[in-house]
>>> print(open('structure21.txt').read())   # compact mmCIF, N, CA and C atoms
# COMPACT_ATOMS: atom_id res chain seq x y z
N MET A 1 -57.07 -102.55 59.59
CA MET A 1 -56.09 -101.66 60.17
C MET A 1 -56.63 -100.24 60.13
N ASN A 2 -56.51 -99.54 61.24
CA ASN A 2 -57.02 -98.18 61.33
C ASN A 2 -55.87 -97.25 61.74
N ILE A 3 -55.18 -96.70 60.75
CA ILE A 3 -54.02 -95.84 61.00
C ILE A 3 -54.49 -94.40 61.21
N LYS A 4 -54.01 -93.78 62.28
CA LYS A 4 -54.31 -92.38 62.59
C LYS A 4 -53.02 -91.58 62.55
N PHE A 5 -53.10 -90.35 62.05
CA PHE A 5 -51.96 -89.44 61.98
C PHE A 5 -52.24 -88.24 62.88
N ARG A 6 -51.26 -87.96 63.77
CA ARG A 6 -51.44 -86.83 64.68
C ARG A 6 -50.09 -86.43 65.28
N LEU A 7 -50.10 -85.30 65.97
CA LEU A 7 -48.90 -84.89 66.69
C LEU A 7 -48.64 -85.89 67.81
N ILE A 8 -47.37 -86.15 68.05
CA ILE A 8 -47.00 -87.02 69.16
C ILE A 8 -47.12 -86.21 70.45
N LYS A 9 -47.80 -86.77 71.42
CA LYS A 9 -48.06 -86.07 72.68
C LYS A 9 -46.85 -86.17 73.62
N SER A 10 -46.78 -85.21 74.56
CA SER A 10 -45.61 -85.14 75.44
C SER A 10 -45.31 -86.45 76.16
N HIS A 11 -46.33 -87.15 76.59
CA HIS A 11 -46.08 -88.39 77.34
C HIS A 11 -45.67 -89.56 76.43
N GLU A 12 -45.60 -89.34 75.12
CA GLU A 12 -45.24 -90.39 74.16
C GLU A 12 -43.80 -90.27 73.65
N SER A 13 -42.98 -89.47 74.32
CA SER A 13 -41.62 -89.25 73.83
C SER A 13 -40.79 -90.53 73.81
N LYS A 14 -41.05 -91.44 74.72
CA LYS A 14 -40.31 -92.71 74.73
C LYS A 14 -40.68 -93.58 73.52
N LYS A 15 -41.93 -93.50 73.09
CA LYS A 15 -42.34 -94.21 71.87
C LYS A 15 -41.57 -93.65 70.67
N TYR A 16 -41.42 -92.31 70.65
CA TYR A 16 -40.64 -91.69 69.59
C TYR A 16 -39.21 -92.21 69.61
N ARG A 17 -38.60 -92.22 70.79
CA ARG A 17 -37.20 -92.67 70.91
C ARG A 17 -37.04 -94.08 70.36
N THR A 18 -37.95 -94.97 70.70
CA THR A 18 -37.88 -96.36 70.25
C THR A 18 -37.89 -96.45 68.73
N ILE A 19 -38.81 -95.76 68.09
CA ILE A 19 -38.91 -95.87 66.63
C ILE A 19 -37.78 -95.10 65.95
N ARG A 20 -37.32 -94.02 66.57
CA ARG A 20 -36.18 -93.28 66.00
C ARG A 20 -34.92 -94.15 66.01
N LEU A 21 -34.65 -94.82 67.11
CA LEU A 21 -33.49 -95.71 67.17
C LEU A 21 -33.63 -96.85 66.16
N GLU A 22 -34.83 -97.37 66.02
CA GLU A 22 -35.08 -98.41 65.01
C GLU A 22 -34.74 -97.91 63.62
N SER A 23 -35.15 -96.70 63.30
CA SER A 23 -34.88 -96.14 61.97
C SER A 23 -33.38 -95.99 61.73
N LEU A 24 -32.65 -95.53 62.74
CA LEU A 24 -31.20 -95.35 62.60
C LEU A 24 -30.48 -96.69 62.47
N LYS A 25 -30.97 -97.69 63.15
CA LYS A 25 -30.35 -99.01 63.09
C LYS A 25 -30.62 -99.69 61.75
N ASN A 26 -31.87 -99.60 61.27
CA ASN A 26 -32.26 -100.29 60.04
C ASN A 26 -31.82 -99.58 58.76
N PHE A 27 -31.71 -98.27 58.80
CA PHE A 27 -31.37 -97.49 57.60
C PHE A 27 -30.31 -96.43 57.91
N PRO A 28 -29.12 -96.85 58.32
CA PRO A 28 -28.09 -95.87 58.72
C PRO A 28 -27.70 -94.91 57.60
N GLU A 29 -27.80 -95.37 56.36
CA GLU A 29 -27.42 -94.53 55.23
C GLU A 29 -28.42 -93.40 54.96
N ALA A 30 -29.60 -93.49 55.54
CA ALA A 30 -30.66 -92.51 55.27
C ALA A 30 -30.64 -91.32 56.23
N PHE A 31 -29.84 -91.41 57.28
CA PHE A 31 -29.86 -90.37 58.30
C PHE A 31 -28.45 -89.93 58.63
N GLU A 32 -28.29 -88.68 59.04
CA GLU A 32 -26.99 -88.16 59.44
C GLU A 32 -26.57 -88.67 60.81
N THR A 33 -27.53 -88.89 61.68
CA THR A 33 -27.26 -89.31 63.05
C THR A 33 -26.82 -90.76 63.09
N ASP A 34 -25.82 -91.05 63.92
CA ASP A 34 -25.31 -92.40 64.09
C ASP A 34 -26.14 -93.15 65.13
N TYR A 35 -26.49 -94.40 64.84
CA TYR A 35 -27.30 -95.22 65.75
C TYR A 35 -26.66 -95.34 67.13
N HIS A 36 -25.39 -95.72 67.19
CA HIS A 36 -24.72 -95.94 68.49
C HIS A 36 -24.61 -94.65 69.29
N GLU A 37 -24.38 -93.54 68.60
CA GLU A 37 -24.32 -92.25 69.29
C GLU A 37 -25.69 -91.91 69.89
N ALA A 38 -26.74 -92.11 69.10
CA ALA A 38 -28.09 -91.83 69.58
C ALA A 38 -28.48 -92.77 70.72
N LEU A 39 -28.10 -94.03 70.60
CA LEU A 39 -28.41 -95.03 71.62
C LEU A 39 -27.79 -94.63 72.96
N ASN A 40 -26.60 -94.06 72.92
CA ASN A 40 -25.90 -93.67 74.14
C ASN A 40 -26.25 -92.27 74.63
N THR A 41 -27.12 -91.58 73.92
CA THR A 41 -27.57 -90.26 74.34
C THR A 41 -28.73 -90.42 75.31
N LYS A 42 -28.62 -89.80 76.47
CA LYS A 42 -29.65 -89.96 77.50
C LYS A 42 -31.03 -89.56 76.98
N LYS A 43 -31.09 -88.41 76.34
CA LYS A 43 -32.36 -87.94 75.78
C LYS A 43 -32.06 -87.22 74.48
N LEU A 44 -32.73 -87.62 73.42
CA LEU A 44 -32.55 -86.99 72.11
C LEU A 44 -33.19 -85.61 72.10
N LYS A 45 -32.66 -84.72 71.29
CA LYS A 45 -33.18 -83.34 71.19
C LYS A 45 -34.68 -83.35 70.90
N ILE A 46 -35.10 -84.22 70.01
CA ILE A 46 -36.52 -84.25 69.64
C ILE A 46 -37.38 -84.78 70.79
N GLU A 47 -36.83 -85.61 71.65
CA GLU A 47 -37.59 -86.03 72.84
C GLU A 47 -37.94 -84.81 73.69
N TYR A 48 -36.97 -83.90 73.86
CA TYR A 48 -37.24 -82.66 74.59
C TYR A 48 -38.33 -81.85 73.89
N ASP A 49 -38.21 -81.77 72.55
CA ASP A 49 -39.20 -81.01 71.79
C ASP A 49 -40.60 -81.58 71.96
N ILE A 50 -40.70 -82.90 71.96
CA ILE A 50 -42.00 -83.54 72.15
C ILE A 50 -42.53 -83.27 73.55
N GLU A 51 -41.69 -83.48 74.54
CA GLU A 51 -42.12 -83.30 75.93
C GLU A 51 -42.53 -81.86 76.22
N ASN A 52 -41.88 -80.90 75.57
CA ASN A 52 -42.18 -79.49 75.80
C ASN A 52 -43.09 -78.89 74.73
N GLN A 53 -43.48 -79.72 73.75
CA GLN A 53 -44.30 -79.25 72.63
C GLN A 53 -43.73 -77.94 72.08
N THR A 54 -42.44 -77.99 71.73
CA THR A 54 -41.71 -76.83 71.26
C THR A 54 -42.37 -76.21 70.04
N PRO A 55 -42.73 -74.91 70.10
CA PRO A 55 -43.34 -74.26 68.95
C PRO A 55 -42.41 -74.30 67.74
N GLY A 56 -42.98 -74.57 66.58
CA GLY A 56 -42.21 -74.60 65.34
C GLY A 56 -41.49 -75.91 65.09
N ARG A 57 -41.61 -76.86 66.00
CA ARG A 57 -41.00 -78.19 65.83
C ARG A 57 -42.09 -79.22 66.08
N LEU A 58 -42.76 -79.59 65.00
CA LEU A 58 -43.92 -80.47 65.09
C LEU A 58 -43.51 -81.90 64.75
N VAL A 59 -43.73 -82.81 65.69
CA VAL A 59 -43.37 -84.21 65.48
C VAL A 59 -44.67 -84.99 65.32
N PHE A 60 -44.89 -85.46 64.10
CA PHE A 60 -46.10 -86.21 63.78
C PHE A 60 -45.83 -87.70 63.89
N GLY A 61 -46.86 -88.43 64.25
CA GLY A 61 -46.75 -89.87 64.32
C GLY A 61 -47.89 -90.53 63.56
N ALA A 62 -47.60 -91.70 63.04
CA ALA A 62 -48.63 -92.57 62.47
C ALA A 62 -48.85 -93.66 63.51
N PHE A 63 -50.09 -93.87 63.91
CA PHE A 63 -50.41 -94.81 64.97
C PHE A 63 -51.36 -95.89 64.47
N ASP A 64 -51.02 -97.14 64.78
CA ASP A 64 -51.93 -98.26 64.58
C ASP A 64 -52.44 -98.57 65.98
N HIS A 65 -53.62 -98.07 66.30
CA HIS A 65 -54.16 -98.06 67.65
C HIS A 65 -53.20 -97.24 68.51
N GLU A 66 -52.54 -97.80 69.50
CA GLU A 66 -51.62 -97.04 70.35
C GLU A 66 -50.16 -97.23 69.95
N GLU A 67 -49.90 -98.07 68.96
CA GLU A 67 -48.52 -98.34 68.53
C GLU A 67 -48.05 -97.29 67.53
N LEU A 68 -46.94 -96.65 67.83
CA LEU A 68 -46.34 -95.67 66.94
C LEU A 68 -45.61 -96.42 65.83
N ILE A 69 -46.06 -96.25 64.60
CA ILE A 69 -45.49 -97.01 63.48
C ILE A 69 -44.76 -96.13 62.48
N GLY A 70 -44.87 -94.80 62.62
CA GLY A 70 -44.19 -93.90 61.70
C GLY A 70 -43.98 -92.54 62.34
N ILE A 71 -42.94 -91.84 61.87
CA ILE A 71 -42.64 -90.50 62.39
C ILE A 71 -42.30 -89.55 61.25
N CYS A 72 -42.54 -88.28 61.51
CA CYS A 72 -42.18 -87.22 60.58
C CYS A 72 -42.03 -85.93 61.39
N LEU A 73 -40.91 -85.25 61.21
CA LEU A 73 -40.62 -84.02 61.93
C LEU A 73 -40.71 -82.84 60.97
N PHE A 74 -41.48 -81.82 61.35
CA PHE A 74 -41.56 -80.58 60.58
C PHE A 74 -40.96 -79.47 61.44
N VAL A 75 -39.99 -78.76 60.87
CA VAL A 75 -39.36 -77.63 61.56
C VAL A 75 -39.64 -76.37 60.76
N ALA A 76 -40.35 -75.44 61.38
CA ALA A 76 -40.68 -74.18 60.73
C ALA A 76 -39.45 -73.30 60.64
N ASN A 77 -39.30 -72.62 59.51
CA ASN A 77 -38.20 -71.66 59.39
C ASN A 77 -38.72 -70.29 58.97
N GLY A 78 -39.99 -70.13 59.06
CA GLY A 78 -40.64 -68.87 58.74
C GLY A 78 -42.12 -69.02 59.02
N SER A 79 -42.87 -67.97 58.77
CA SER A 79 -44.29 -68.03 59.10
C SER A 79 -45.06 -68.98 58.19
N LYS A 80 -44.54 -69.24 56.99
CA LYS A 80 -45.28 -70.09 56.05
C LYS A 80 -44.43 -71.21 55.46
N THR A 81 -43.20 -71.37 55.95
CA THR A 81 -42.33 -72.38 55.37
C THR A 81 -41.62 -73.19 56.44
N GLY A 82 -41.04 -74.28 56.03
CA GLY A 82 -40.29 -75.12 56.95
C GLY A 82 -39.68 -76.29 56.21
N HIS A 83 -39.10 -77.20 56.97
CA HIS A 83 -38.44 -78.38 56.41
C HIS A 83 -38.99 -79.63 57.08
N ILE A 84 -38.99 -80.71 56.32
CA ILE A 84 -39.42 -82.01 56.84
C ILE A 84 -38.18 -82.87 57.03
N TYR A 85 -38.11 -83.53 58.20
CA TYR A 85 -36.98 -84.39 58.55
C TYR A 85 -37.51 -85.70 59.15
N GLN A 86 -36.62 -86.66 59.23
CA GLN A 86 -36.84 -87.90 59.98
C GLN A 86 -38.08 -88.67 59.56
N ILE A 87 -38.33 -88.78 58.30
CA ILE A 87 -39.46 -89.59 57.86
C ILE A 87 -39.09 -91.06 57.96
N TYR A 88 -39.93 -91.82 58.65
CA TYR A 88 -39.68 -93.26 58.80
C TYR A 88 -41.00 -93.96 59.10
N VAL A 89 -41.15 -95.14 58.49
CA VAL A 89 -42.29 -96.02 58.75
C VAL A 89 -41.73 -97.41 59.03
N ARG A 90 -42.24 -98.05 60.06
CA ARG A 90 -41.80 -99.41 60.39
C ARG A 90 -41.89 -100.30 59.15
N GLN A 91 -40.90 -101.17 59.00
CA GLN A 91 -40.81 -102.01 57.81
C GLN A 91 -42.07 -102.83 57.56
N SER A 92 -42.68 -103.33 58.60
CA SER A 92 -43.88 -104.16 58.42
C SER A 92 -45.07 -103.37 57.89
N TYR A 93 -44.99 -102.03 57.91
CA TYR A 93 -46.08 -101.18 57.41
C TYR A 93 -45.72 -100.50 56.09
N GLN A 94 -44.47 -100.60 55.67
CA GLN A 94 -44.05 -99.92 54.44
C GLN A 94 -44.73 -100.52 53.22
N GLY A 95 -45.08 -99.65 52.26
CA GLY A 95 -45.67 -100.09 51.00
C GLY A 95 -47.13 -100.47 51.08
N GLN A 96 -47.79 -100.17 52.18
CA GLN A 96 -49.19 -100.58 52.34
C GLN A 96 -50.19 -99.44 52.09
N ARG A 97 -49.69 -98.29 51.65
CA ARG A 97 -50.55 -97.16 51.27
C ARG A 97 -51.50 -96.69 52.37
N HIS A 98 -50.93 -96.41 53.54
CA HIS A 98 -51.73 -95.94 54.67
C HIS A 98 -51.82 -94.43 54.77
N CYS A 99 -51.02 -93.71 53.98
CA CYS A 99 -51.01 -92.25 54.08
C CYS A 99 -52.31 -91.67 53.56
N PRO A 100 -52.77 -90.60 54.20
CA PRO A 100 -54.00 -89.96 53.71
C PRO A 100 -53.75 -89.28 52.38
N LYS A 101 -54.77 -89.20 51.55
CA LYS A 101 -54.67 -88.48 50.29
C LYS A 101 -54.52 -87.00 50.61
N SER A 102 -53.91 -86.26 49.70
CA SER A 102 -53.65 -84.84 49.96
C SER A 102 -54.93 -84.04 50.19
N ASP A 103 -56.05 -84.48 49.66
CA ASP A 103 -57.29 -83.74 49.86
C ASP A 103 -57.99 -84.11 51.18
N GLU A 104 -57.40 -85.01 51.96
CA GLU A 104 -57.98 -85.39 53.24
C GLU A 104 -57.50 -84.48 54.37
N GLY A 105 -56.69 -83.50 54.03
CA GLY A 105 -56.25 -82.54 55.04
C GLY A 105 -54.94 -82.94 55.67
N GLY A 106 -54.41 -82.04 56.43
CA GLY A 106 -53.13 -82.28 57.06
C GLY A 106 -53.22 -82.10 58.54
N HIS A 107 -52.40 -81.21 59.07
CA HIS A 107 -52.31 -80.95 60.51
C HIS A 107 -53.64 -80.45 61.04
N GLN A 108 -54.07 -81.02 62.14
CA GLN A 108 -55.33 -80.61 62.76
C GLN A 108 -55.08 -79.95 64.08
>>> encode(input="structure21.txt", output="structure tokens")
Amino acid sequence: MNIKFRLIKSHESKKYRTIRLESLKNFPEAFETDYHEALNTKKLKIEYDIENQTPGRLVFGAFDHEELIGICLFVANGSKTGHIYQIYVRQSYQGQRHCPKSDEGGHQ
């Protein structure tokens, strides 16, 4: 398995939507957003952010080849700080230690 971590590209917003809905359905207690509400929303706010590559709203993905298997949203709230939201990894990949070590670097 060769997992790569990178920003989700604008043309991949539908992949984000699929895994986001999966996360809300499988772990409703972990997120504020309701699965059915999100399912009935034409386009999620973060889909717009991905498509427009909104500055200060970085949506990272973990990819197994071309399959999006994990998401993490970073929202900047200052020049050197921010918050992390929406962390999720597909159940079949959880617990397999695919994350890079902290000394392997972060955002490229």
>>> atom_distance(input="structure21.txt", atom1="atom N of Thr41 of chain A", atom2="atom C of Val89 of chain A")
21.7 Å
>>> atom_distance(input="structure21.txt", atom1="atom C of Ser13 of chain A", atom2="atom N of Glu51 of chain A")
7.1 Å
>>> select_by_dssp(input="structure21.txt", residues="chain A", states="helix (DSSP H, G or I)", output="number ranges by chain")
A: 10-26, 28-30, 35-39, 45-52, 91-93, 102-104
>>> select_by_dssp(input="structure21.txt", residues="chain A", states="strand (DSSP E)", output="JSON, numbers by chain")
{"A": [3, 4, 5, 6, 7, 57, 58, 59, 60, 61, 62, 63, 64, 67, 68, 69, 70, 71, 72, 73, 74, 75, 76, 82, 83, 84, 85, 86, 87, 88, 89]}
>>> closest_residue(input="structure21.txt", among="A:Leu44, A:Ile3, A:Leu21, A:Ile8", to="Leu73 of chain A", atoms="only C-alpha atoms")
A:Ile8
>>> atom_distance(input="structure21.txt", atom1="atom N of Glu37 of chain A", atom2="atom C of Thr54 of chain A")
25.0 Å
>>> closest_residue(input="structure21.txt", among="A:Ser79, A:Ser92, A:Thr18, A:Ala30", to="Pro55 of chain A", atoms="only C-alpha atoms")
A:Ser79
>>> closest_residue(input="structure21.txt", among="A:Asn77, A:Asn26, A:Thr33, A:Ser10", to="Glu47 of chain A", atoms="only C-alpha atoms")
A:Ser10
>>> closest_residue(input="structure21.txt", among="A:Gln96, A:Gln91, A:Gln86, A:Gln53", to="Arg20 of chain A", atoms="only C-alpha atoms")
A:Gln86
>>> residues_around(input="structure21.txt", residues="Lys4 of chain A", least_positions_apart="2", cutoff="7 Å", atoms="only C-alpha atoms", output="list in words")
Asn2, Arg6, Ala62, Phe63 and Asp64 of chain A
>>> residues_around(input="structure21.txt", residues="Val75 of chain A", least_positions_apart="5", cutoff="8 Å", atoms="only C-alpha atoms", output="list in words")
Gly56, Arg57, Leu58, Gly82, His83, Ile84 and Tyr85 of chain A
